[in-house]
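Novice: Got a structure for you, run.txt, holding compact mmCIF, N, CA and C atoms.
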# COMPACT_ATOMS: atom_id res chain seq x y z
N ARG A 1 -12.60 14.16 -14.13
CA ARG A 1 -12.16 12.78 -14.30
C ARG A 1 -12.14 12.41 -15.78
N ASP A 2 -12.76 13.15 -16.63
CA ASP A 2 -12.81 12.81 -18.04
C ASP A 2 -11.44 12.65 -18.68
N ALA A 3 -10.42 13.30 -18.12
CA ALA A 3 -9.09 13.29 -18.73
C ALA A 3 -8.26 12.08 -18.32
N PHE A 4 -8.66 11.34 -17.29
CA PHE A 4 -7.84 10.26 -16.78
C PHE A 4 -8.65 8.98 -16.63
N ASP A 5 -8.05 7.86 -17.04
CA ASP A 5 -8.68 6.56 -16.83
C ASP A 5 -8.39 6.03 -15.43
N HIS A 6 -7.21 6.36 -14.92
CA HIS A 6 -6.80 5.86 -13.61
C HIS A 6 -6.31 7.03 -12.77
N VAL A 7 -6.75 7.06 -11.53
CA VAL A 7 -6.31 8.07 -10.58
C VAL A 7 -5.83 7.32 -9.35
N GLY A 8 -4.58 7.57 -8.96
CA GLY A 8 -4.01 6.83 -7.85
C GLY A 8 -3.49 7.73 -6.75
N VAL A 9 -3.24 7.09 -5.62
CA VAL A 9 -2.62 7.74 -4.48
C VAL A 9 -1.49 6.84 -4.02
N THR A 10 -0.39 7.46 -3.58
CA THR A 10 0.74 6.71 -3.05
C THR A 10 0.80 6.92 -1.54
N ILE A 11 0.87 5.83 -0.82
CA ILE A 11 0.92 5.86 0.64
C ILE A 11 2.36 5.59 1.05
N GLU A 12 2.99 6.57 1.71
CA GLU A 12 4.42 6.48 2.01
C GLU A 12 4.79 6.84 3.45
N THR A 13 3.80 7.03 4.31
CA THR A 13 4.13 7.37 5.69
C THR A 13 3.24 6.60 6.66
N GLU A 14 3.75 6.45 7.87
CA GLU A 14 2.98 5.81 8.92
C GLU A 14 1.69 6.58 9.19
N THR A 15 1.76 7.90 9.11
CA THR A 15 0.57 8.74 9.31
C THR A 15 -0.49 8.45 8.26
N ALA A 16 -0.07 8.29 7.02
CA ALA A 16 -1.02 7.98 5.95
C ALA A 16 -1.67 6.62 6.19
N VAL A 17 -0.91 5.65 6.67
CA VAL A 17 -1.48 4.33 6.98
C VAL A 17 -2.50 4.48 8.11
N ASP A 18 -2.16 5.25 9.13
CA ASP A 18 -3.08 5.45 10.25
C ASP A 18 -4.39 6.08 9.80
N ARG A 19 -4.35 6.84 8.71
CA ARG A 19 -5.53 7.55 8.21
C ARG A 19 -6.04 6.99 6.88
N ILE A 20 -5.67 5.75 6.56
CA ILE A 20 -5.94 5.20 5.23
C ILE A 20 -7.42 5.21 4.86
N GLU A 21 -8.29 4.88 5.78
CA GLU A 21 -9.71 4.85 5.45
C GLU A 21 -10.21 6.23 5.02
N ALA A 22 -9.85 7.26 5.77
CA ALA A 22 -10.27 8.62 5.44
C ALA A 22 -9.67 9.08 4.11
N ILE A 23 -8.41 8.74 3.88
CA ILE A 23 -7.76 9.12 2.63
C ILE A 23 -8.48 8.49 1.44
N LEU A 24 -8.73 7.19 1.52
CA LEU A 24 -9.38 6.51 0.40
C LEU A 24 -10.82 6.96 0.22
N ASP A 25 -11.51 7.23 1.31
CA ASP A 25 -12.89 7.68 1.20
C ASP A 25 -12.98 9.10 0.62
N ALA A 26 -11.96 9.91 0.83
CA ALA A 26 -11.95 11.27 0.30
C ALA A 26 -11.67 11.31 -1.20
N GLY A 27 -11.01 10.28 -1.71
CA GLY A 27 -10.65 10.26 -3.13
C GLY A 27 -11.73 9.59 -3.96
N LYS A 28 -12.80 10.33 -4.26
CA LYS A 28 -13.95 9.71 -4.91
C LYS A 28 -13.65 9.22 -6.32
N TRP A 29 -12.57 9.67 -6.93
CA TRP A 29 -12.23 9.22 -8.28
C TRP A 29 -11.09 8.20 -8.29
N LEU A 30 -10.62 7.80 -7.13
CA LEU A 30 -9.49 6.87 -7.05
C LEU A 30 -9.80 5.54 -7.71
N THR A 31 -8.78 5.00 -8.38
CA THR A 31 -8.89 3.67 -8.96
C THR A 31 -7.78 2.75 -8.44
N GLU A 32 -6.72 3.34 -7.88
CA GLU A 32 -5.61 2.51 -7.43
C GLU A 32 -4.83 3.15 -6.30
N VAL A 33 -4.15 2.29 -5.54
CA VAL A 33 -3.33 2.71 -4.40
C VAL A 33 -1.96 2.04 -4.55
N THR A 34 -0.91 2.82 -4.31
CA THR A 34 0.45 2.29 -4.30
C THR A 34 1.02 2.49 -2.91
N VAL A 35 1.69 1.47 -2.40
CA VAL A 35 2.39 1.58 -1.12
C VAL A 35 3.87 1.68 -1.42
N GLY A 36 4.49 2.80 -1.07
CA GLY A 36 5.92 3.00 -1.23
C GLY A 36 6.63 2.54 0.05
N ARG A 37 7.08 1.30 0.04
CA ARG A 37 7.60 0.72 1.28
C ARG A 37 8.90 1.35 1.77
N THR A 38 9.74 1.84 0.89
CA THR A 38 11.00 2.44 1.34
C THR A 38 10.73 3.68 2.18
N ASP A 39 9.93 4.59 1.66
CA ASP A 39 9.59 5.80 2.42
C ASP A 39 8.73 5.46 3.62
N LEU A 40 7.83 4.50 3.49
CA LEU A 40 7.00 4.09 4.61
C LEU A 40 7.87 3.59 5.76
N THR A 41 8.82 2.73 5.44
CA THR A 41 9.72 2.19 6.47
C THR A 41 10.55 3.31 7.11
N ALA A 42 11.03 4.23 6.30
CA ALA A 42 11.82 5.35 6.82
C ALA A 42 10.97 6.25 7.72
N SER A 43 9.67 6.34 7.45
CA SER A 43 8.81 7.25 8.22
C SER A 43 8.69 6.85 9.69
N TYR A 44 8.90 5.57 9.98
CA TYR A 44 8.85 5.17 11.39
C TYR A 44 10.22 4.71 11.91
N GLY A 45 11.26 4.90 11.11
CA GLY A 45 12.61 4.56 11.54
C GLY A 45 12.93 3.09 11.45
N GLY A 46 12.21 2.37 10.58
CA GLY A 46 12.45 0.94 10.41
C GLY A 46 13.72 0.68 9.61
N ASN A 47 14.11 -0.60 9.54
CA ASN A 47 15.36 -0.92 8.85
C ASN A 47 15.19 -1.86 7.66
N SER A 48 13.95 -2.29 7.37
CA SER A 48 13.76 -3.21 6.25
C SER A 48 12.35 -3.09 5.70
N VAL A 49 12.22 -3.06 4.38
CA VAL A 49 10.90 -3.01 3.76
C VAL A 49 10.15 -4.32 3.93
N GLU A 50 10.87 -5.37 4.33
CA GLU A 50 10.23 -6.66 4.60
C GLU A 50 10.00 -6.90 6.09
N SER A 51 10.21 -5.88 6.92
CA SER A 51 10.03 -6.05 8.36
C SER A 51 8.56 -6.33 8.68
N PRO A 52 8.31 -7.03 9.77
CA PRO A 52 6.92 -7.32 10.15
C PRO A 52 6.06 -6.05 10.29
N GLN A 53 6.64 -4.97 10.81
CA GLN A 53 5.86 -3.74 10.98
C GLN A 53 5.47 -3.15 9.62
N THR A 54 6.40 -3.11 8.68
CA THR A 54 6.07 -2.58 7.36
C THR A 54 5.05 -3.46 6.67
N ILE A 55 5.23 -4.76 6.74
CA ILE A 55 4.30 -5.67 6.08
C ILE A 55 2.91 -5.57 6.69
N ALA A 56 2.83 -5.40 7.99
CA ALA A 56 1.53 -5.21 8.63
C ALA A 56 0.84 -3.96 8.10
N MET A 57 1.60 -2.90 7.89
CA MET A 57 1.02 -1.67 7.35
C MET A 57 0.60 -1.86 5.89
N VAL A 58 1.40 -2.58 5.11
CA VAL A 58 1.02 -2.88 3.73
C VAL A 58 -0.30 -3.64 3.72
N LYS A 59 -0.44 -4.61 4.60
CA LYS A 59 -1.67 -5.40 4.66
C LYS A 59 -2.86 -4.55 5.07
N ARG A 60 -2.66 -3.60 5.95
CA ARG A 60 -3.75 -2.70 6.35
C ARG A 60 -4.22 -1.87 5.16
N VAL A 61 -3.26 -1.32 4.42
CA VAL A 61 -3.60 -0.53 3.23
C VAL A 61 -4.29 -1.42 2.19
N ALA A 62 -3.77 -2.62 2.01
CA ALA A 62 -4.35 -3.55 1.03
C ALA A 62 -5.80 -3.88 1.38
N ALA A 63 -6.07 -4.12 2.64
CA ALA A 63 -7.44 -4.44 3.05
C ALA A 63 -8.38 -3.26 2.79
N ALA A 64 -7.93 -2.06 3.11
CA ALA A 64 -8.76 -0.88 2.88
C ALA A 64 -9.01 -0.66 1.39
N ALA A 65 -7.98 -0.88 0.58
CA ALA A 65 -8.13 -0.73 -0.87
C ALA A 65 -9.10 -1.78 -1.41
N LYS A 66 -8.94 -3.01 -0.96
CA LYS A 66 -9.80 -4.10 -1.44
C LYS A 66 -11.26 -3.85 -1.08
N GLU A 67 -11.52 -3.36 0.13
CA GLU A 67 -12.88 -3.04 0.55
C GLU A 67 -13.55 -2.05 -0.39
N ARG A 68 -12.75 -1.19 -1.01
CA ARG A 68 -13.27 -0.14 -1.87
C ARG A 68 -13.14 -0.48 -3.36
N GLY A 69 -12.69 -1.69 -3.65
CA GLY A 69 -12.56 -2.11 -5.04
C GLY A 69 -11.42 -1.45 -5.79
N LEU A 70 -10.39 -1.02 -5.07
CA LEU A 70 -9.26 -0.34 -5.69
C LEU A 70 -8.11 -1.31 -5.95
N ALA A 71 -7.41 -1.10 -7.04
CA ALA A 71 -6.21 -1.88 -7.34
C ALA A 71 -5.11 -1.46 -6.38
N LEU A 72 -4.19 -2.39 -6.09
CA LEU A 72 -3.08 -2.10 -5.17
C LEU A 72 -1.76 -2.50 -5.82
N THR A 73 -0.78 -1.63 -5.68
CA THR A 73 0.58 -1.91 -6.11
C THR A 73 1.49 -1.74 -4.91
N MET A 74 2.41 -2.67 -4.74
CA MET A 74 3.39 -2.58 -3.66
C MET A 74 4.74 -2.31 -4.29
N GLY A 75 5.34 -1.20 -3.93
CA GLY A 75 6.65 -0.86 -4.46
C GLY A 75 7.64 -0.65 -3.33
N GLY A 76 8.73 0.01 -3.63
CA GLY A 76 9.72 0.33 -2.62
C GLY A 76 10.74 -0.76 -2.42
N SER A 77 11.85 -0.64 -3.11
CA SER A 77 12.97 -1.57 -2.95
C SER A 77 12.55 -3.02 -3.18
N VAL A 78 11.87 -3.26 -4.27
CA VAL A 78 11.44 -4.61 -4.61
C VAL A 78 12.65 -5.41 -5.07
N GLY A 79 12.86 -6.54 -4.44
CA GLY A 79 14.00 -7.38 -4.78
C GLY A 79 13.72 -8.83 -4.42
N ARG A 80 14.77 -9.60 -4.27
CA ARG A 80 14.65 -11.03 -3.96
C ARG A 80 13.86 -11.24 -2.66
N GLY A 81 14.12 -10.43 -1.65
CA GLY A 81 13.40 -10.57 -0.38
C GLY A 81 11.91 -10.38 -0.56
N THR A 82 11.54 -9.45 -1.42
CA THR A 82 10.12 -9.22 -1.70
C THR A 82 9.50 -10.42 -2.40
N LEU A 83 10.21 -10.97 -3.36
CA LEU A 83 9.73 -12.16 -4.07
C LEU A 83 9.52 -13.31 -3.09
N GLU A 84 10.49 -13.54 -2.23
CA GLU A 84 10.37 -14.61 -1.24
C GLU A 84 9.20 -14.37 -0.29
N LEU A 85 9.01 -13.12 0.11
CA LEU A 85 7.90 -12.77 0.98
C LEU A 85 6.56 -13.04 0.29
N LEU A 86 6.44 -12.65 -0.96
CA LEU A 86 5.20 -12.89 -1.70
C LEU A 86 4.94 -14.38 -1.89
N GLN A 87 5.99 -15.14 -2.09
CA GLN A 87 5.83 -16.59 -2.26
C GLN A 87 5.37 -17.27 -0.97
N SER A 88 5.76 -16.71 0.17
CA SER A 88 5.45 -17.37 1.45
C SER A 88 4.22 -16.81 2.15
N ASP A 89 3.70 -15.68 1.68
CA ASP A 89 2.58 -15.03 2.37
C ASP A 89 1.38 -14.91 1.45
N ALA A 90 0.45 -15.83 1.57
CA ALA A 90 -0.74 -15.85 0.70
C ALA A 90 -1.57 -14.58 0.85
N GLU A 91 -1.59 -13.99 2.03
CA GLU A 91 -2.38 -12.78 2.26
C GLU A 91 -1.88 -11.62 1.39
N LEU A 92 -0.57 -11.53 1.18
CA LEU A 92 -0.02 -10.48 0.33
C LEU A 92 -0.34 -10.70 -1.14
N ARG A 93 -0.51 -11.93 -1.53
CA ARG A 93 -0.82 -12.22 -2.93
C ARG A 93 -2.29 -12.03 -3.26
N ALA A 94 -3.14 -11.96 -2.24
CA ALA A 94 -4.60 -11.88 -2.47
C ALA A 94 -5.02 -10.56 -3.06
What does the file become when written as structure tokens?

Specialist:
Amino acid sequence: RDAFDHVGVTIETETAVDRIEAILDAGKWLTEVTVGRTDLTASYGGNSVESPQTIAMVKRVAAAAKERGLALTMGGSVGRGTLELLQSDAELRA
């Protein structure tokens, strides 16, 4: 770990979300988690990164990251819809 200040993991599949606690617990040097919503949505055959199913998975990852004191970044086709979602959903901004 001496060579890196930040070590992250990117979560991009439904399987990774299902196993998020084990993944984060295994990464003893982790400092941050990124959710790639485009690939995540594609992994379950969804049609929108702002769909309720994708957002529920983002929130699950966010809660697990927060419990462990890890920073969280949400990516994947960030656009106007994402901005509107963040403005209307206080839980995503937390």

Novice: Quick one: distance from atom C of Glu50 (chain A) to CA of Glu32 (chain A) in Å, one decimal?

Specialist: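 So the answer is 22.7 Å.
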
Novice: Write out as a PyMOL selection string which residues come within 8 Å of region 17-30 of chain A when counting all atoms listed in the file, dropping same-chain ones fewer than 4 positions away.

Specialist: chain A and resi 1+5-9+11-13+57-58+60-61+64-65+68-71

Novice: I'd like to know which of A:Thr41, A:Thr15, A:Thr34, A:Thr10 is closest to Thr73 (chain A), using all atoms listed in the file.

Specialist: A:Thr34

Novice: Separation of atom N of Gly36 (chain A) and CA of Val49 (chain A), in Å?

Specialist: 9.9 Å

Novice: What does the structure give for the distance between CA of Thr31 (chain A) and atom C of Ser51 (chain A), in Å to one decimal?

Specialist: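 Interatomic distance here is 26.8 Å.
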
Novice: Using all atoms listed in the file, pick whichever of A:Ala16, A:Val78, A:Leu40, A:Leu72 has the shortest atom-to-atom distance to Thr54 (chain A).

Specialist: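 Once distances to Thr54 (chain A) are computed over all atoms listed in the file, the minimum belongs to A:Leu40.
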
Novice: So for region 20-27 of chain A, what box centre and size do we get, axis-aligned, 3 Å extra on each of the six sides, every listed atom, Å to one decimal, as AutoDock Vina command-line options?

Specialist:
--center_x -9.3 --center_y 8.1 --center_z 1.3 --size_x 13.3 --size_y 12.5 --size_z 16.5

Novice: Using only C-alpha atoms, which of the listed residues (A:Glu91, A:Met74, A:Glu14, A:Lys66) sits closest to Gly45 (chain A)?

Specialist: A:Glu14

Novice: Run DSSP on the backbone and grab whatever in region 14-86 of chain A lands in strand (DSSP E); send it over as a PyMOL selection string.

Specialist: chain A and resi 32-36+71-75

Novice: Using backbone DSSP assignments, extract all helix (DSSP H, G or I) residues from region 25-92 of chain A; output them as a PyMOL selection string.

Specialist: chain A and resi 25-26+37-43+52-67+80-88+90-92
